[in-house]
file target.cif (mmCIF, N, CA and C atoms and all ligand atoms)
data_input
#
loop_
_atom_site.label_atom_id
_atom_site.label_comp_id
_atom_site.auth_asym_id
_atom_site.auth_seq_id
_atom_site.Cartn_x
_atom_site.Cartn_y
_atom_site.Cartn_z
N MET A 6 0.84 -1.19 0.00
CA MET A 6 0.00 0.00 0.00
C MET A 6 0.88 1.25 0.00
N SER A 7 0.51 2.20 -0.83
CA SER A 7 1.35 3.40 -0.86
C SER A 7 0.79 4.47 0.09
N ASN A 8 1.68 5.23 0.59
CA ASN A 8 1.35 6.26 1.57
C ASN A 8 2.11 7.53 1.21
N LEU A 9 1.93 7.93 -0.07
CA LEU A 9 2.72 9.03 -0.61
C LEU A 9 2.42 10.32 0.13
N GLU A 10 3.47 10.98 0.59
CA GLU A 10 3.35 12.26 1.30
C GLU A 10 4.34 13.26 0.71
N GLN A 11 4.08 14.52 1.01
CA GLN A 11 5.04 15.57 0.68
C GLN A 11 5.48 16.26 1.97
N THR A 12 6.71 16.71 1.98
CA THR A 12 7.21 17.43 3.15
C THR A 12 8.11 18.57 2.68
N LEU A 13 8.30 19.55 3.56
CA LEU A 13 9.17 20.66 3.20
C LEU A 13 10.55 20.46 3.81
N SER A 14 11.55 20.62 2.97
CA SER A 14 12.94 20.56 3.42
C SER A 14 13.62 21.88 3.10
N ILE A 15 14.47 22.31 4.00
CA ILE A 15 15.29 23.51 3.74
C ILE A 15 16.75 23.15 3.96
N ILE A 16 17.58 23.48 2.98
CA ILE A 16 19.03 23.43 3.18
C ILE A 16 19.41 24.81 3.73
N LYS A 17 19.88 24.82 4.97
CA LYS A 17 20.08 26.07 5.71
C LYS A 17 21.36 26.80 5.29
N PRO A 18 21.50 28.06 5.70
CA PRO A 18 22.64 28.87 5.22
C PRO A 18 24.01 28.24 5.45
N ASP A 19 24.20 27.55 6.58
CA ASP A 19 25.54 26.98 6.82
C ASP A 19 25.92 25.96 5.76
N ALA A 20 24.95 25.22 5.25
CA ALA A 20 25.22 24.18 4.26
C ALA A 20 25.33 24.77 2.85
N VAL A 21 24.48 25.74 2.53
CA VAL A 21 24.56 26.39 1.22
C VAL A 21 25.93 27.08 1.09
N GLU A 22 26.31 27.75 2.17
CA GLU A 22 27.59 28.48 2.20
C GLU A 22 28.80 27.54 1.95
N ARG A 23 28.68 26.31 2.42
CA ARG A 23 29.78 25.33 2.23
C ARG A 23 29.59 24.50 0.95
N ASN A 24 28.67 24.95 0.08
CA ASN A 24 28.44 24.26 -1.20
C ASN A 24 28.03 22.80 -1.05
N LEU A 25 27.20 22.53 -0.04
CA LEU A 25 26.78 21.15 0.22
C LEU A 25 25.44 20.81 -0.43
N GLU A 26 24.90 21.78 -1.18
CA GLU A 26 23.56 21.60 -1.76
C GLU A 26 23.45 20.30 -2.55
N ASN A 27 24.38 20.04 -3.46
CA ASN A 27 24.26 18.85 -4.31
C ASN A 27 24.44 17.57 -3.53
N GLU A 28 25.39 17.54 -2.59
CA GLU A 28 25.60 16.33 -1.78
C GLU A 28 24.36 16.00 -0.95
N ILE A 29 23.72 17.04 -0.41
CA ILE A 29 22.52 16.80 0.40
C ILE A 29 21.37 16.33 -0.49
N LYS A 30 21.23 16.93 -1.66
CA LYS A 30 20.18 16.47 -2.59
C LYS A 30 20.40 15.02 -2.99
N GLU A 31 21.66 14.63 -3.20
CA GLU A 31 21.97 13.23 -3.54
C GLU A 31 21.54 12.30 -2.40
N MET A 32 21.73 12.73 -1.16
CA MET A 32 21.31 11.89 -0.03
C MET A 32 19.79 11.68 -0.06
N PHE A 33 19.04 12.73 -0.40
CA PHE A 33 17.59 12.58 -0.51
C PHE A 33 17.24 11.62 -1.65
N LYS A 34 17.85 11.83 -2.79
CA LYS A 34 17.52 11.00 -3.97
C LYS A 34 17.90 9.55 -3.71
N ASN A 35 19.04 9.32 -3.07
CA ASN A 35 19.48 7.94 -2.77
C ASN A 35 18.51 7.22 -1.84
N LYS A 36 17.78 7.98 -1.02
CA LYS A 36 16.79 7.37 -0.12
C LYS A 36 15.42 7.26 -0.79
N GLY A 37 15.34 7.67 -2.06
CA GLY A 37 14.08 7.49 -2.78
C GLY A 37 13.15 8.68 -2.75
N PHE A 38 13.63 9.83 -2.27
CA PHE A 38 12.81 11.05 -2.32
C PHE A 38 12.85 11.64 -3.73
N SER A 39 11.71 12.12 -4.20
CA SER A 39 11.67 12.94 -5.40
C SER A 39 11.63 14.40 -4.97
N ILE A 40 12.41 15.23 -5.64
CA ILE A 40 12.37 16.67 -5.38
C ILE A 40 11.39 17.28 -6.37
N LEU A 41 10.18 17.59 -5.89
CA LEU A 41 9.11 18.05 -6.78
C LEU A 41 9.27 19.51 -7.14
N LYS A 42 9.71 20.29 -6.17
CA LYS A 42 9.90 21.73 -6.38
C LYS A 42 11.13 22.15 -5.60
N GLU A 43 11.83 23.14 -6.10
CA GLU A 43 12.96 23.67 -5.35
C GLU A 43 13.26 25.08 -5.81
N LYS A 44 13.76 25.88 -4.89
CA LYS A 44 14.24 27.22 -5.27
C LYS A 44 15.26 27.69 -4.24
N LYS A 45 16.22 28.45 -4.73
CA LYS A 45 17.22 29.05 -3.84
C LYS A 45 16.81 30.49 -3.63
N ILE A 46 16.66 30.86 -2.37
CA ILE A 46 16.17 32.21 -2.04
C ILE A 46 16.90 32.72 -0.79
N GLN A 47 16.78 34.01 -0.54
CA GLN A 47 17.16 34.54 0.78
C GLN A 47 15.94 35.25 1.32
N ILE A 48 15.59 34.96 2.56
CA ILE A 48 14.39 35.54 3.14
C ILE A 48 14.74 36.66 4.12
N GLU A 49 13.77 37.52 4.36
CA GLU A 49 13.90 38.59 5.35
C GLU A 49 13.73 38.00 6.75
N LYS A 50 14.28 38.68 7.74
CA LYS A 50 14.12 38.18 9.12
C LYS A 50 12.64 38.10 9.49
N SER A 51 11.85 39.06 9.00
CA SER A 51 10.41 39.06 9.32
C SER A 51 9.72 37.80 8.78
N GLU A 52 10.18 37.30 7.63
CA GLU A 52 9.60 36.07 7.07
C GLU A 52 10.04 34.86 7.90
N ALA A 53 11.30 34.85 8.34
CA ALA A 53 11.78 33.77 9.19
C ALA A 53 10.99 33.74 10.50
N GLU A 54 10.65 34.91 11.00
CA GLU A 54 9.86 34.99 12.25
C GLU A 54 8.48 34.37 12.07
N LYS A 55 7.90 34.56 10.88
CA LYS A 55 6.60 33.92 10.59
C LYS A 55 6.76 32.41 10.48
N PHE A 56 7.80 32.01 9.75
CA PHE A 56 8.03 30.57 9.52
C PHE A 56 8.24 29.83 10.84
N TYR A 57 9.01 30.43 11.75
CA TYR A 57 9.37 29.78 13.02
C TYR A 57 8.49 30.25 14.19
N LYS A 58 7.29 30.74 13.87
CA LYS A 58 6.43 31.31 14.91
C LYS A 58 6.19 30.36 16.10
N VAL A 59 6.14 29.05 15.83
CA VAL A 59 5.93 28.08 16.93
C VAL A 59 7.01 28.18 18.00
N HIS A 60 8.16 28.75 17.62
CA HIS A 60 9.28 28.84 18.56
C HIS A 60 9.41 30.22 19.21
N GLU A 61 8.37 31.07 19.04
CA GLU A 61 8.55 32.48 19.43
C GLU A 61 8.82 32.70 20.92
N THR A 62 8.44 31.74 21.75
CA THR A 62 8.70 31.91 23.19
C THR A 62 10.07 31.36 23.61
N LYS A 63 10.78 30.72 22.68
CA LYS A 63 12.06 30.09 23.04
C LYS A 63 13.16 31.15 23.14
N PRO A 64 14.12 30.92 24.02
CA PRO A 64 15.20 31.91 24.18
C PRO A 64 16.05 32.09 22.91
N PHE A 65 16.07 31.06 22.05
CA PHE A 65 16.91 31.14 20.85
C PHE A 65 16.16 31.67 19.62
N TYR A 66 14.89 32.10 19.80
CA TYR A 66 14.04 32.49 18.65
C TYR A 66 14.67 33.59 17.79
N SER A 67 15.13 34.66 18.41
CA SER A 67 15.65 35.78 17.63
C SER A 67 16.91 35.37 16.85
N ASP A 68 17.81 34.65 17.52
CA ASP A 68 19.03 34.17 16.85
C ASP A 68 18.69 33.22 15.71
N LEU A 69 17.71 32.36 15.95
CA LEU A 69 17.29 31.38 14.94
C LEU A 69 16.79 32.08 13.69
N CYS A 70 15.97 33.11 13.88
CA CYS A 70 15.40 33.84 12.74
C CYS A 70 16.46 34.68 12.03
N ALA A 71 17.37 35.23 12.80
CA ALA A 71 18.48 35.99 12.20
C ALA A 71 19.33 35.04 11.36
N TYR A 72 19.55 33.86 11.89
CA TYR A 72 20.38 32.87 11.18
C TYR A 72 19.72 32.39 9.89
N LEU A 73 18.45 32.03 9.94
CA LEU A 73 17.79 31.50 8.73
C LEU A 73 17.74 32.54 7.61
N SER A 74 17.77 33.81 8.00
CA SER A 74 17.71 34.89 7.00
C SER A 74 19.10 35.46 6.69
N SER A 75 20.14 34.81 7.19
CA SER A 75 21.51 35.37 7.06
C SER A 75 22.17 35.11 5.72
N GLY A 76 21.61 34.21 4.92
CA GLY A 76 22.21 33.89 3.63
C GLY A 76 21.26 33.04 2.82
N PRO A 77 21.69 32.68 1.60
CA PRO A 77 20.81 31.87 0.74
C PRO A 77 20.46 30.52 1.38
N ILE A 78 19.22 30.09 1.11
CA ILE A 78 18.74 28.76 1.52
C ILE A 78 18.13 28.10 0.28
N VAL A 79 18.04 26.78 0.34
CA VAL A 79 17.35 26.05 -0.72
C VAL A 79 16.13 25.40 -0.11
N VAL A 80 14.94 25.79 -0.59
CA VAL A 80 13.71 25.19 -0.08
C VAL A 80 13.19 24.20 -1.12
N MET A 81 12.75 23.03 -0.63
CA MET A 81 12.36 21.94 -1.53
C MET A 81 11.10 21.26 -1.03
N VAL A 82 10.29 20.82 -1.96
CA VAL A 82 9.18 19.91 -1.64
C VAL A 82 9.65 18.50 -1.99
N LEU A 83 9.70 17.65 -0.97
CA LEU A 83 10.14 16.26 -1.16
C LEU A 83 8.93 15.35 -1.13
N GLU A 84 8.96 14.32 -1.97
CA GLU A 84 7.85 13.35 -1.99
C GLU A 84 8.39 11.93 -1.89
N LYS A 85 7.69 11.12 -1.11
CA LYS A 85 8.06 9.72 -0.89
C LYS A 85 6.98 9.10 -0.01
N ASP A 86 6.88 7.81 0.05
CA ASP A 86 6.02 7.17 1.05
C ASP A 86 6.51 7.61 2.43
N SER A 87 5.60 8.00 3.30
CA SER A 87 5.94 8.43 4.67
C SER A 87 7.03 9.51 4.66
N ALA A 88 6.92 10.46 3.76
CA ALA A 88 7.98 11.45 3.56
C ALA A 88 8.30 12.25 4.82
N VAL A 89 7.28 12.57 5.61
CA VAL A 89 7.52 13.41 6.80
C VAL A 89 8.46 12.67 7.76
N PHE A 90 8.07 11.46 8.12
CA PHE A 90 8.87 10.65 9.05
C PHE A 90 10.23 10.29 8.44
N GLU A 91 10.22 9.87 7.19
CA GLU A 91 11.46 9.43 6.53
C GLU A 91 12.47 10.58 6.43
N ASN A 92 11.97 11.79 6.19
CA ASN A 92 12.88 12.94 6.13
C ASN A 92 13.46 13.23 7.50
N ARG A 93 12.63 13.14 8.55
CA ARG A 93 13.15 13.37 9.92
C ARG A 93 14.23 12.33 10.24
N GLU A 94 14.02 11.09 9.80
CA GLU A 94 15.00 10.03 10.04
C GLU A 94 16.33 10.35 9.33
N LEU A 95 16.21 10.77 8.09
CA LEU A 95 17.42 11.05 7.30
C LEU A 95 18.14 12.30 7.82
N MET A 96 17.38 13.27 8.32
CA MET A 96 18.00 14.49 8.87
C MET A 96 18.83 14.18 10.10
N GLY A 97 18.28 13.38 11.01
CA GLY A 97 18.93 13.09 12.28
C GLY A 97 18.52 14.09 13.36
N ALA A 98 19.02 13.87 14.56
CA ALA A 98 18.64 14.67 15.73
C ALA A 98 18.97 16.15 15.54
N THR A 99 18.19 17.00 16.20
CA THR A 99 18.39 18.46 16.11
C THR A 99 19.83 18.85 16.42
N ASN A 100 20.39 18.25 17.48
CA ASN A 100 21.79 18.52 17.80
C ASN A 100 22.67 17.50 17.08
N PRO A 101 23.50 17.97 16.13
CA PRO A 101 24.34 17.04 15.36
C PRO A 101 25.15 16.09 16.24
N LYS A 102 25.46 16.51 17.46
CA LYS A 102 26.21 15.64 18.39
C LYS A 102 25.43 14.37 18.72
N ASP A 103 24.10 14.47 18.67
CA ASP A 103 23.24 13.33 19.01
C ASP A 103 22.77 12.56 17.77
N ALA A 104 23.11 13.07 16.59
CA ALA A 104 22.60 12.48 15.35
C ALA A 104 23.32 11.17 15.03
N LYS A 105 22.55 10.23 14.50
CA LYS A 105 23.12 8.91 14.18
C LYS A 105 23.95 8.96 12.91
N GLU A 106 24.85 8.00 12.82
CA GLU A 106 25.67 7.78 11.62
C GLU A 106 24.75 7.66 10.40
N GLY A 107 25.15 8.26 9.31
CA GLY A 107 24.35 8.14 8.08
C GLY A 107 23.32 9.24 7.91
N THR A 108 23.15 10.08 8.93
CA THR A 108 22.18 11.18 8.81
C THR A 108 22.87 12.44 8.28
N ILE A 109 22.04 13.32 7.74
CA ILE A 109 22.57 14.57 7.16
C ILE A 109 23.22 15.42 8.25
N ARG A 110 22.55 15.50 9.41
CA ARG A 110 23.10 16.37 10.47
C ARG A 110 24.38 15.79 11.07
N LYS A 111 24.48 14.46 11.14
CA LYS A 111 25.73 13.84 11.62
C LYS A 111 26.87 14.18 10.66
N LYS A 112 26.57 14.07 9.36
CA LYS A 112 27.60 14.26 8.36
C LYS A 112 28.01 15.73 8.21
N PHE A 113 27.02 16.63 8.25
CA PHE A 113 27.31 18.02 7.87
C PHE A 113 27.04 19.05 8.96
N GLY A 114 26.25 18.71 9.97
CA GLY A 114 25.87 19.70 10.98
C GLY A 114 27.09 20.19 11.76
N ILE A 115 27.07 21.47 12.11
CA ILE A 115 28.19 22.08 12.83
C ILE A 115 27.86 22.21 14.31
N SER A 116 26.61 22.55 14.59
CA SER A 116 26.18 22.83 15.97
C SER A 116 24.65 22.77 16.01
N ILE A 117 24.09 22.89 17.20
CA ILE A 117 22.61 22.80 17.31
C ILE A 117 21.91 23.88 16.50
N ASP A 118 22.52 25.03 16.35
CA ASP A 118 21.87 26.06 15.53
C ASP A 118 22.25 25.92 14.05
N LYS A 119 23.51 25.61 13.78
CA LYS A 119 23.94 25.42 12.36
C LYS A 119 23.88 23.93 12.03
N ASN A 120 22.64 23.43 11.93
CA ASN A 120 22.47 21.98 11.75
C ASN A 120 22.03 21.61 10.34
N SER A 121 22.31 22.48 9.39
CA SER A 121 22.31 22.21 7.94
C SER A 121 20.96 22.01 7.25
N VAL A 122 19.97 21.45 7.95
CA VAL A 122 18.68 21.22 7.30
C VAL A 122 17.50 21.44 8.24
N HIS A 123 16.38 21.81 7.63
CA HIS A 123 15.08 21.84 8.31
C HIS A 123 14.19 20.80 7.65
N GLY A 124 13.30 20.20 8.42
CA GLY A 124 12.28 19.32 7.86
C GLY A 124 11.00 19.43 8.66
N SER A 125 9.87 19.42 7.97
CA SER A 125 8.56 19.49 8.65
C SER A 125 8.44 18.36 9.65
N ASP A 126 7.75 18.64 10.78
CA ASP A 126 7.67 17.63 11.85
C ASP A 126 6.33 16.90 11.90
N SER A 127 5.38 17.25 11.02
CA SER A 127 4.09 16.54 10.98
C SER A 127 3.48 16.77 9.60
N ILE A 128 2.50 15.96 9.26
CA ILE A 128 1.83 16.12 7.97
C ILE A 128 1.14 17.48 7.91
N GLU A 129 0.52 17.87 9.03
CA GLU A 129 -0.18 19.16 9.08
C GLU A 129 0.81 20.31 8.83
N ASN A 130 1.95 20.27 9.54
CA ASN A 130 2.92 21.34 9.36
C ASN A 130 3.58 21.28 7.98
N ALA A 131 3.69 20.11 7.40
CA ALA A 131 4.25 20.00 6.04
C ALA A 131 3.38 20.80 5.08
N THR A 132 2.07 20.64 5.18
CA THR A 132 1.15 21.37 4.30
C THR A 132 1.29 22.88 4.51
N ILE A 133 1.33 23.29 5.78
CA ILE A 133 1.47 24.72 6.09
C ILE A 133 2.79 25.26 5.55
N GLU A 134 3.87 24.52 5.75
CA GLU A 134 5.21 24.99 5.35
C GLU A 134 5.38 24.99 3.83
N ILE A 135 4.80 24.00 3.15
CA ILE A 135 4.87 23.98 1.68
C ILE A 135 4.12 25.20 1.13
N ASN A 136 2.94 25.48 1.70
CA ASN A 136 2.18 26.65 1.24
C ASN A 136 2.90 27.96 1.56
N PHE A 137 3.65 27.96 2.65
CA PHE A 137 4.38 29.18 3.04
C PHE A 137 5.38 29.56 1.93
N PHE A 138 6.08 28.58 1.39
CA PHE A 138 7.12 28.88 0.39
C PHE A 138 6.66 28.73 -1.05
N PHE A 139 5.64 27.91 -1.29
CA PHE A 139 5.22 27.62 -2.66
C PHE A 139 3.72 27.81 -2.82
N LYS A 140 3.23 29.03 -2.61
CA LYS A 140 1.81 29.23 -2.90
C LYS A 140 1.67 29.47 -4.40
N ASP A 141 0.89 28.61 -5.00
CA ASP A 141 0.73 28.74 -6.47
C ASP A 141 -0.47 29.59 -6.82
P1 LIG B 1 14.21 20.57 14.40
O1 LIG B 1 14.86 21.49 13.40
O2 LIG B 1 14.99 19.31 14.60
O3 LIG B 1 12.75 20.32 14.10
P2 LIG B 1 13.27 22.35 16.51
O4 LIG B 1 13.18 21.97 17.94
O5 LIG B 1 12.02 22.49 15.74
O6 LIG B 1 14.28 21.31 15.82
O7 LIG B 1 14.08 23.71 16.47
C1 LIG B 1 14.13 24.47 15.28
C2 LIG B 1 15.55 24.92 15.06
O8 LIG B 1 15.91 25.81 16.13
C3 LIG B 1 16.61 23.81 15.12
O9 LIG B 1 16.79 23.15 13.89
C4 LIG B 1 17.84 24.59 15.51
O10 LIG B 1 18.40 25.23 14.38
C5 LIG B 1 17.28 25.64 16.44
N1 LIG B 1 17.40 25.22 17.84
C6 LIG B 1 16.67 24.28 18.49
N2 LIG B 1 17.03 24.16 19.77
C7 LIG B 1 18.00 25.07 19.96
C8 LIG B 1 18.79 25.45 21.11
O11 LIG B 1 18.66 24.91 22.20
N3 LIG B 1 19.71 26.44 20.89
C9 LIG B 1 19.88 27.04 19.68
N4 LIG B 1 19.16 26.72 18.60
C10 LIG B 1 18.24 25.75 18.72
MG MG B 2 11.13 21.60 14.09
#

call {"tool": "encode", "arguments": {"input": "target.cif", "output": "structure tokens", "more": "lines below"}}
Ligand code: IDP
Ligand code: MG
result
Amino acid sequence: MSNLEQTLSIIKPDAVERNLENEIKEMFKNKGFSILKEKKIQIEKSEAEKFYKVHETKPFYSDLCAYLSSGPIVVMVLEKDSAVFENRELMGATNPKDAKEGTIRKKFGISIDKNSVHGSDSIENATIEINFFFKD
């Protein structure tokens, strides 16, 4: 039975800056994800604040939004069976120190804030996040 889902992935500024875009995309493709849509953009801090609104009470919110808007990012719509969960698995733990071998954050993450990728954490948020970046 197929359970095709879409999820939003972002290659964050630390990874784009180190030219890791293609290597990270290869990791997605090797796991069977299709990249349905993608664009390289730089967002304003005010847009990052909207995107990360769920974190607005966290002590790291302002730094997080400044960081996401600090340089180019690559936003992608990924598709695969169980894409939301499978992307979280491939990304690895939020803190690269805790991420398992074979995950993107283990391989490329620098620190808990510069952890190279974002991925939607639920099907509901995937829909919201895809619409945030790709309203047609
Ligand atoms: P996630 O990206 O694994 O879903 P979230 O808890 O949703 O993790 O946090 C969003 C982003 O906020 C993380 O990817 C990371 O960049 C940043 N972040 C999370 N926790 C901390 C922290 O304790 N200090 C600094 N930045 C953090
Ligand atoms: Mg999250």

call {"tool": "residues_near_ligand", "arguments": {"input": "target.cif", "ligand": "ligand MG 2 (chain B)", "cutoff": "8 Å", "atoms": "all atoms listed in the file", "output": "ChimeraX atom specification"}}
result
/A:123-127

call {"tool": "select_by_dssp", "arguments": {"input": "target.cif", "residues": "chain A", "states": "strand (DSSP E or B)", "output": "NGL selection string"}}
result
:A and (9-16 or 39-46 or 78-86 or 122-124)

call {"tool": "residues_around", "arguments": {"input": "target.cif", "residues": "range 6-20 of chain A", "least_positions_apart": "5", "cutoff": "6.5 Å", "atoms": "all atoms listed in the file", "output": "JSON, numbers by chain"}}
result
{"A": [25, 26, 72, 73, 75, 76, 77, 78, 79, 80, 81, 82, 83, 84, 85, 86, 87, 88, 89, 119, 121, 122, 123, 124, 125, 131, 132, 134, 135]}

call {"tool": "residues_near_ligand", "arguments": {"input": "target.cif", "ligand": "ligand LIG 1 (chain B)", "cutoff": "8 Å", "atoms": "all atoms listed in the file", "output": "list in words"}}
result
Tyr57, Val59, His60, Pro64, Phe65, Tyr66, Asp68, Leu69, Cys70, Arg93, Met96, Gly97, Ala98, Thr99, Asn100, Ser116, Ile117, Asp118, Lys119, Asn120, Ser121, Val122, His123, Gly124, Ser125 and Asp126 of chain A

call {"tool": "residues_around", "arguments": {"input": "target.cif", "residues": "Ile109 in chain A", "least_positions_apart": "2", "cutoff": "7 Å", "atoms": "only C-alpha atoms", "output": "number ranges by chain"}}
result
A: 95-97, 107, 111-113

call {"tool": "atom_distance", "arguments": {"input": "target.cif", "atom1": "atom C of Lys42 in chain A", "atom2": "CA of Phe139 in chain A"}}
result
8.6 Å

call {"tool": "closest_residue", "arguments": {"input": "target.cif", "among": "A:Asn35, A:Phe56, A:Glu61, A:Lys45", "to": "Asn130 in chain A", "atoms": "only C-alpha atoms"}}
result
A:Phe56

call {"tool": "atom_distance", "arguments": {"input": "target.cif", "atom1": "CA of Phe90 in chain A", "atom2": "CA of Ile128 in chain A"}}
result
9.0 Å

call {"tool": "atom_distance", "arguments": {"input": "target.cif", "atom1": "CA of Lys36 in chain A", "atom2": "atom C of Asn92 in chain A"}}
result
10.2 Å
